[in-house]
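Q: One structure is given below, represented as structure tokens, and several questions about it will come after.
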Amino acid sequence: MKFTKSYGPEEFEPQIYREWEESGAFLPKKQAIQSCEDETDGSYSIVMPPPNANGNLHIGHGLTIAIEDSLARYYRLRGRSTWYIPGADHAGFETWVVYERALEKEGHSRFEYSRDELYARVWDFVEQQRGNMELQVRALGASCAWTDLTFTLDENVVSRVYQTFERMWNDGMIYRGEKLVNFCPKHQTAFADIEVDYREEKAPLYYIKYGPFTLATTRPETKFGDTAVAVNPNDERYQEWVGKTITVEGVNGPFEVEVIADEMVDMEFGTGVVKITPAHDFNDWEVGQRHNLRVVQVIDEEGKMTEAAGRFAGMPVQEARKAVVKAMKEMGMIVKIDENYVTKVPHCYKCGAVIEPMLKEQWFIDVKRLAREAIKHLDDNEIKFYPSSKKRVLIEYLKNLKDWNISRQIPWGIPIPMFRKTALASSSASSSSLDALLSRRMSNTSPSATPDSLNKLEDQRRFCEQEHAPDAPEWIFDTRTNLPEIEVGGVKYVRDEDTFDTWFSSSQWPMVCTDYLEGRENAYYPLNVMETGADILFAWVARMIMMGVYTTGEVPFREVYLHGLVLDAHGKKMSKSKGNVVNPIELVTKYGSDAFRLGILRGRSAGMNQAFSENSVVAGRNLCNKLWNISRFIQGMVDESKSGSVEAMEIAQAEMKAEIVNEGQVRAGAELPYSTDNMGEDWICRQLTACKEKLEDDFANYRFAEAVERVTATIWDEYADWFIESQKIYKNIPLLKVTLEMILKILHPFAPFVTEAIWRSLSWTDGLLMMQKWPPRLKFDPISAENFDNLVAVVVEARRVLNELSVASKGKRYGLLYGDDALVDDNGLLVASLAKVPSIASCEGQPKGLRLAVANHEVYLDVPQEVVTKHREVLEERILAVGRELDALNLRMTNPNYVDKAPAKLVQQTRDGIKEKEELIARLRKELEVI
RNA sequence: GGUUCCUUAGCUCAGUUGGCUAGAGCGUACGAUUCACAUUCGUAAGGUCAUUGGUUCGAGCCCAAUAGGAACCACCA
């Protein structure tokens, strides 16, 4: 294939990806056969946090995939049987919101359909939308095993979830509880605490008359649900009232409440008196539990006032608040209003509606045991965290974890496999009345649910149970969730209509993806690493650890790498409303997949929220093009050498050996088919080997910022700028080939497409680059490599001085002269070429011009005497500068503690430095004298 | 209110167990150019590493305090 003048990613990416995928290179088993000889043999497993199956990727996905795929490709090159497992999320609530909106647009409502109908409809809806996400993951180059893609509603996921749920149910860790839950009136579902979005808002704080007290509240409309008034037990102002029942004037007439004492009350806030509304406030609920208070529901599931609000019944909460305040004002019950009070109001994280705490029966997981076990494994350091600080944060979270509400009232999800005994089997009057009572209670249309009425309900149920199936349990576990009703042992049960919280199934992701089976050996579980966003440490990582430990007895992954948020170019959070959202796929289209990956990884470190701008993608694109042109140039040299060169035979032999290497049959450390013939070649072998080894360390420690910077610098600043330049003078075709292959391999994890595109365009390579072996160390002569360092120093100094003279000399070009200097004598042509000077010659014992300030080398720039004289000042300045450095070193040596305590190597280095600087100064002085 | 993190060049960020002259990309200035690459090459300018104190032979890094910023958790009615 011919190399075009610049690299065009769009010409290669789709085709290369297809070939990778079709070759089976993404599948772990295929790789294992080819790389069985590598010393780092073993398996490597990593899962992709499943993106929304019917959504589009955002910048965070771009970062996740760039990180994960770099890891996967690196370990694959290292010879590990690598399994990068992709996933797709049914995204329960997100998808449901989108679907419900679509339904509403068509003029329908969810209440027109049964749950099964809705489930089927959403399934079709998702099916239609699906595929975009997967195409985008491909565009980013993810080397994941597509045939193993797991969708969060797949059969194996559901069966694992049911298995776990059943075990927990049998272990008594699951209970049905009536508790206050966060409830979105718009979406009619409960939320976990972590799904609630608190926003700071101004809310007037009303000081109202309340019997003998004045108290402050932001929610006067809940007054109808007040069943007590509380003060702090230590508050002397109100001691006399504690335990007494007071009469309170209300907008619907007077009512009586008890005065209680509870530690929860902050004496400093407001007047130190709090009205207690157990049905609509979490704190009040807890107070109510402690003091056995009645629970009166005044807000229903649609966010409207219930019958308990009397003439305000049916009003939406906001409206009712205004109406109640107005009525209170008229009755003179409002003492004052603090309009500037700011509080945090809970909102639905999706639709923004105000969340109402609501009394609901839900399924809960008792998390005590789960959390305790998880903490034990964390304390034993079984999981390594990047950044390490997150481990402590996680343990702290687990210590304070509250019971986990796993029920959601949306149809799009995994049905909860629980069935409730029903008395509907017969047509008896008592059972239908129970049903009515039950359904009324479930939907909370009853004005109040006091302990009294609950007890009545219990009594009635017991009565029915005795009649119909006295010994049958109220709830049974059964996986036949496709049926709305089942019969077990002659007793009828109806399905619970709720679905699982997404995190309940996601928490089992590592087991599900790796096909974990109890008692069976599994090389891929635990995962080697869990890579995800730091923002879901609690929601996901914590739960995976708890559930993994519970089910398998071991942690689900060995390491956790958490990435931070990708912020916009100015460090601001990206959001649709700000309009600063960056679409990763647009960048891929514009600059190529590799450019995007290099750009987003540049300067990225664990756990940090970091800014991202298109500039870094441009830099990535430039690197790809640079590498392309390096390859084009080398291919050109290879082609040239083939046509009629005298060394054709020699090269052909070397190539035969090279091919053997390419087939991956040579063990690491075996002879590579090259020899180094000059110091530039030894030098590049040293530099590439060092780079490769540092990269290995970077990967082991997830230092992506440094890895990208290092490999870029090695390819550009060392390989291209010095080695390739030097090869314009001395061509070593076998070494050019070996080293080019090496840089392709070390860049491949980050920039898979361009490296693969080059690999296939080169005349001597074959197969897929992604299936090659990570390069071994290169052999080199260290003394020779060091000589090249010296030569570089001479060239850099020559360039610097030439540049300084460039304005004055107006385009005049000067040659170089050298004295007693073997290095320069032997490499004159190379020095002249690198320094871009027209000539270089021995000064024949007659030094003239401007001597370059390089230690141990005698090289002159052949400039006229007047230029030298002009340069006198520069020389003097330089003597002073070196003198300052020398003083600093000397000062260090005069400190006896330094000589005693610092490592000997360091002290020796200082001594050498002093010697070198002294010599330099002496020489510069001499030069000054000559002038 | 609690926890964690951040403060390094004009901008965005690296900087490993403390070690000599603190790096990169972009930007800026000057220069180059048929001969792989203008998506190029060369050179340079730009930093009291937030502040103050401490530990140490030695601190951007460790400790303490202060100032500013961010994220997460909790939710004061």
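Following the order of the structure tokens, first chain is A, next is B, and so on, with residues numbered from 1 inside each chain and ligands from 1 in the order they appear.
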Can I get the residues of chain A within 6 Å of chain B, each with the closest pair of atoms and their distance in Å to one decimal, using only C-alpha atoms (C1' of nucleotides), sorted chain first then ascending number, as a Markdown table?
A:
```
| residue | atom | partner | partner_atom | distance |
| --- | --- | --- | --- | --- |
| A:Thr217 | CA | B:A77 | C1' | 5.6 |
| A:Val274 | CA | B:A77 | C1' | 5.9 |
| A:Gly603 | CA | B:C13 | C1' | 5.4 |
| A:Asn622 | CA | B:U39 | C1' | 4.8 |
| A:Asn629 | CA | B:A36 | C1' | 5.2 |
| A:Phe633 | CA | B:A36 | C1' | 4.4 |
| A:Asn803 | CA | B:U43 | C1' | 5.9 |
| A:Asn897 | CA | B:C57 | C1' | 4.5 |
| A:Tyr898 | CA | B:C57 | C1' | 3.8 |
```
Q: Would you list the contacts of Leu118 of chain A as number ranges by chain, taking every protein, DNA or RNA residue within 10 Å and counting only C-alpha atoms (C1' of nucleotides), but skipping same-chain residues closer than 3 positions in sequence?
A: A: 96, 99-100, 110-115, 121-124, 410-412
Q: Would you please give, as a PDB file with N, CA, C and O atoms, in the first residue's frame, all residues of segment 682-866 of chain A that DSSP assigns to strand (DSSP E or B) based on the backbone?
A:
```
ATOM      1  N   LEU A 816      31.525  24.952  10.604  1.00  0.00           N
ATOM      2  CA  LEU A 816      32.086  24.555  11.895  1.00  0.00           C
ATOM      3  C   LEU A 816      33.534  24.138  11.712  1.00  0.00           C
ATOM      4  O   LEU A 816      33.934  23.604  10.675  1.00  0.00           O
ATOM      5  N   LEU A 817      34.314  24.406  12.754  1.00  0.00           N
ATOM      6  CA  LEU A 817      35.698  23.926  12.797  1.00  0.00           C
ATOM      7  C   LEU A 817      35.870  23.158  14.092  1.00  0.00           C
ATOM      8  O   LEU A 817      35.207  23.453  15.071  1.00  0.00           O
ATOM      9  N   TYR A 818      36.748  22.180  14.062  1.00  0.00           N
ATOM     10  CA  TYR A 818      36.986  21.482  15.314  1.00  0.00           C
ATOM     11  C   TYR A 818      38.464  21.264  15.539  1.00  0.00           C
ATOM     12  O   TYR A 818      39.251  21.190  14.596  1.00  0.00           O
ATOM     13  N   ILE A 840      32.040  21.470   7.606  1.00  0.00           N
ATOM     14  CA  ILE A 840      32.725  21.188   8.866  1.00  0.00           C
ATOM     15  C   ILE A 840      34.125  20.703   8.520  1.00  0.00           C
ATOM     16  O   ILE A 840      34.320  19.925   7.576  1.00  0.00           O
ATOM     17  N   ALA A 841      35.113  21.200   9.239  1.00  0.00           N
ATOM     18  CA  ALA A 841      36.492  20.816   8.918  1.00  0.00           C
ATOM     19  C   ALA A 841      37.360  20.946  10.158  1.00  0.00           C
ATOM     20  O   ALA A 841      36.986  21.628  11.114  1.00  0.00           O
ATOM     21  N   SER A 842      38.499  20.289  10.118  1.00  0.00           N
ATOM     22  CA  SER A 842      39.462  20.422  11.213  1.00  0.00           C
ATOM     23  C   SER A 842      40.108  21.801  11.118  1.00  0.00           C
ATOM     24  O   SER A 842      40.332  22.324  10.031  1.00  0.00           O
ATOM     25  N   LEU A 850      34.342  31.330  16.940  1.00  0.00           N
ATOM     26  CA  LEU A 850      33.684  31.327  18.243  1.00  0.00           C
ATOM     27  C   LEU A 850      33.627  29.917  18.788  1.00  0.00           C
ATOM     28  O   LEU A 850      33.068  29.026  18.185  1.00  0.00           O
ATOM     29  N   ARG A 851      34.231  29.731  19.955  1.00  0.00           N
ATOM     30  CA  ARG A 851      34.220  28.373  20.498  1.00  0.00           C
ATOM     31  C   ARG A 851      32.883  28.092  21.189  1.00  0.00           C
ATOM     32  O   ARG A 851      32.361  28.910  21.940  1.00  0.00           O
ATOM     33  N   VAL A 859      34.990  22.742  19.626  1.00  0.00           N
ATOM     34  CA  VAL A 859      34.329  23.026  18.354  1.00  0.00           C
ATOM     35  C   VAL A 859      34.137  24.537  18.230  1.00  0.00           C
ATOM     36  O   VAL A 859      33.796  25.209  19.196  1.00  0.00           O
ATOM     37  N   TYR A 860      34.418  25.041  17.020  1.00  0.00           N
ATOM     38  CA  TYR A 860      34.313  26.485  16.771  1.00  0.00           C
ATOM     39  C   TYR A 860      33.327  26.754  15.660  1.00  0.00           C
ATOM     40  O   TYR A 860      33.201  25.977  14.717  1.00  0.00           O
ATOM     41  N   LEU A 861      32.665  27.860  15.829  1.00  0.00           N
ATOM     42  CA  LEU A 861      31.821  28.344  14.744  1.00  0.00           C
ATOM     43  C   LEU A 861      32.671  29.325  13.952  1.00  0.00           C
ATOM     44  O   LEU A 861      33.227  30.279  14.507  1.00  0.00           O
TER      45      LEU A 861
END
```
Q: Using atom CA of Ile414 of chain A and atom CA of Thr152 of chain A as the two end points, give the distance in Å to one decimal.
A: 8.8 Å
Q: Of the residues A:Pro357, A:Gly270, A:Pro776, A:Gly845, which is the one nearest to Tyr341 of chain A, using only C-alpha atoms?
A: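 Under the stated criterion, the closest residue is A:Gly270.
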Q: In Å, how far is it from atom CA of Ala822 of chain A to atom CA of Gln846 of chain A?
A: 16.5 Å
Q: Write out as a list of chain:residue names which residues come within 12 Å of A9 of chain B when counting only C-alpha atoms (C1' of nucleotides), dropping same-chain ones fewer than 6 positions away.
A: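 What passes the distance filter is B:A22, B:G23, B:A24, B:G27, B:U28, B:A45, B:G46, B:G47, B:C49.
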Q: Include N, CA and C atoms (P, O5', C5', C4', C3', O3' and C1' of nucleotides) and write out the residues we just selected as a PDB file, in the first residue's frame.
A:
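Written output follows (selection-v4.pdb):
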```pdb
ATOM      1  P     A B  22      14.821  24.160  37.995  1.00  0.00           P
ATOM      2  O5'   A B  22      13.786  23.166  37.318  1.00  0.00           O
ATOM      3  C5'   A B  22      13.843  21.765  37.539  1.00  0.00           C
ATOM      4  C4'   A B  22      12.447  21.194  37.467  1.00  0.00           C
ATOM      5  C3'   A B  22      11.635  21.661  36.261  1.00  0.00           C
ATOM      6  O3'   A B  22      11.865  20.801  35.163  1.00  0.00           O
ATOM      7  C1'   A B  22      10.360  21.904  38.237  1.00  0.00           C
ATOM      8  P     G B  23      12.873  21.196  34.056  1.00  0.00           P
ATOM      9  O5'   G B  23      12.296  20.416  32.805  1.00  0.00           O
ATOM     10  C5'   G B  23      11.263  20.975  32.050  1.00  0.00           C
ATOM     11  C4'   G B  23      10.249  19.905  31.781  1.00  0.00           C
ATOM     12  C3'   G B  23       9.208  20.310  30.753  1.00  0.00           C
ATOM     13  O3'   G B  23       9.693  20.085  29.443  1.00  0.00           O
ATOM     14  C1'   G B  23       8.122  19.462  32.659  1.00  0.00           C
ATOM     15  P     A B  24       9.186  21.014  28.264  1.00  0.00           P
ATOM     16  O5'   A B  24       7.764  20.348  27.972  1.00  0.00           O
ATOM     17  C5'   A B  24       7.692  18.971  27.582  1.00  0.00           C
ATOM     18  C4'   A B  24       6.266  18.553  27.467  1.00  0.00           C
ATOM     19  C3'   A B  24       5.402  19.418  26.563  1.00  0.00           C
ATOM     20  O3'   A B  24       5.607  19.049  25.216  1.00  0.00           O
ATOM     21  C1'   A B  24       4.241  19.007  28.569  1.00  0.00           C
ATOM     22  P     G B  27      -1.014  26.915  19.083  1.00  0.00           P
ATOM     23  O5'   G B  27      -0.968  28.179  20.037  1.00  0.00           O
ATOM     24  C5'   G B  27      -2.151  28.945  20.262  1.00  0.00           C
ATOM     25  C4'   G B  27      -1.888  30.010  21.304  1.00  0.00           C
ATOM     26  C3'   G B  27      -0.776  30.984  20.970  1.00  0.00           C
ATOM     27  O3'   G B  27      -1.201  32.004  20.101  1.00  0.00           O
ATOM     28  C1'   G B  27      -0.516  30.230  23.185  1.00  0.00           C
ATOM     29  P     U B  28      -0.184  32.571  19.013  1.00  0.00           P
ATOM     30  O5'   U B  28       0.904  33.330  19.918  1.00  0.00           O
ATOM     31  C5'   U B  28       0.505  34.441  20.713  1.00  0.00           C
ATOM     32  C4'   U B  28       1.694  34.994  21.456  1.00  0.00           C
ATOM     33  C3'   U B  28       2.926  35.282  20.598  1.00  0.00           C
ATOM     34  O3'   U B  28       2.799  36.516  19.910  1.00  0.00           O
ATOM     35  C1'   U B  28       3.599  34.138  22.548  1.00  0.00           C
ATOM     36  P     A B  45      15.416  31.645  27.501  1.00  0.00           P
ATOM     37  O5'   A B  45      14.203  32.672  27.664  1.00  0.00           O
ATOM     38  C5'   A B  45      14.428  34.084  27.529  1.00  0.00           C
ATOM     39  C4'   A B  45      13.095  34.776  27.424  1.00  0.00           C
ATOM     40  C3'   A B  45      12.166  34.536  28.600  1.00  0.00           C
ATOM     41  O3'   A B  45      12.449  35.434  29.654  1.00  0.00           O
ATOM     42  C1'   A B  45      10.982  34.187  26.589  1.00  0.00           C
ATOM     43  P     G B  46      12.469  34.911  31.143  1.00  0.00           P
ATOM     44  O5'   G B  46      10.945  34.544  31.406  1.00  0.00           O
ATOM     45  C5'   G B  46       9.936  35.556  31.461  1.00  0.00           C
ATOM     46  C4'   G B  46       8.584  34.908  31.457  1.00  0.00           C
ATOM     47  C3'   G B  46       8.357  33.904  32.592  1.00  0.00           C
ATOM     48  O3'   G B  46       7.919  34.566  33.764  1.00  0.00           O
ATOM     49  C1'   G B  46       7.680  32.957  30.530  1.00  0.00           C
ATOM     50  P     G B  47       8.779  34.531  35.093  1.00  0.00           P
ATOM     51  O5'   G B  47       7.939  33.691  36.120  1.00  0.00           O
ATOM     52  C5'   G B  47       6.844  32.870  35.808  1.00  0.00           C
ATOM     53  C4'   G B  47       6.649  31.911  36.956  1.00  0.00           C
ATOM     54  C3'   G B  47       7.543  32.125  38.170  1.00  0.00           C
ATOM     55  O3'   G B  47       6.785  32.503  39.294  1.00  0.00           O
ATOM     56  C1'   G B  47       7.529  29.823  37.448  1.00  0.00           C
ATOM     57  P     C B  49       7.980  29.077  44.811  1.00  0.00           P
ATOM     58  O5'   C B  49       6.803  28.651  43.823  1.00  0.00           O
ATOM     59  C5'   C B  49       5.439  28.941  44.076  1.00  0.00           C
ATOM     60  C4'   C B  49       4.618  27.813  43.531  1.00  0.00           C
ATOM     61  C3'   C B  49       4.084  26.870  44.590  1.00  0.00           C
ATOM     62  O3'   C B  49       2.742  26.543  44.273  1.00  0.00           O
ATOM     63  C1'   C B  49       5.308  25.652  42.976  1.00  0.00           C
TER      64        C B  49
END
```
Q: Which of these, A:Cys685, A:Ile406, A:Leu928, A:Val899, has the shortest distance to Ala853 of chain A once you count only C-alpha atoms?
A: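 Closest to Ala853 of chain A, using only C-alpha atoms: A:Leu928.
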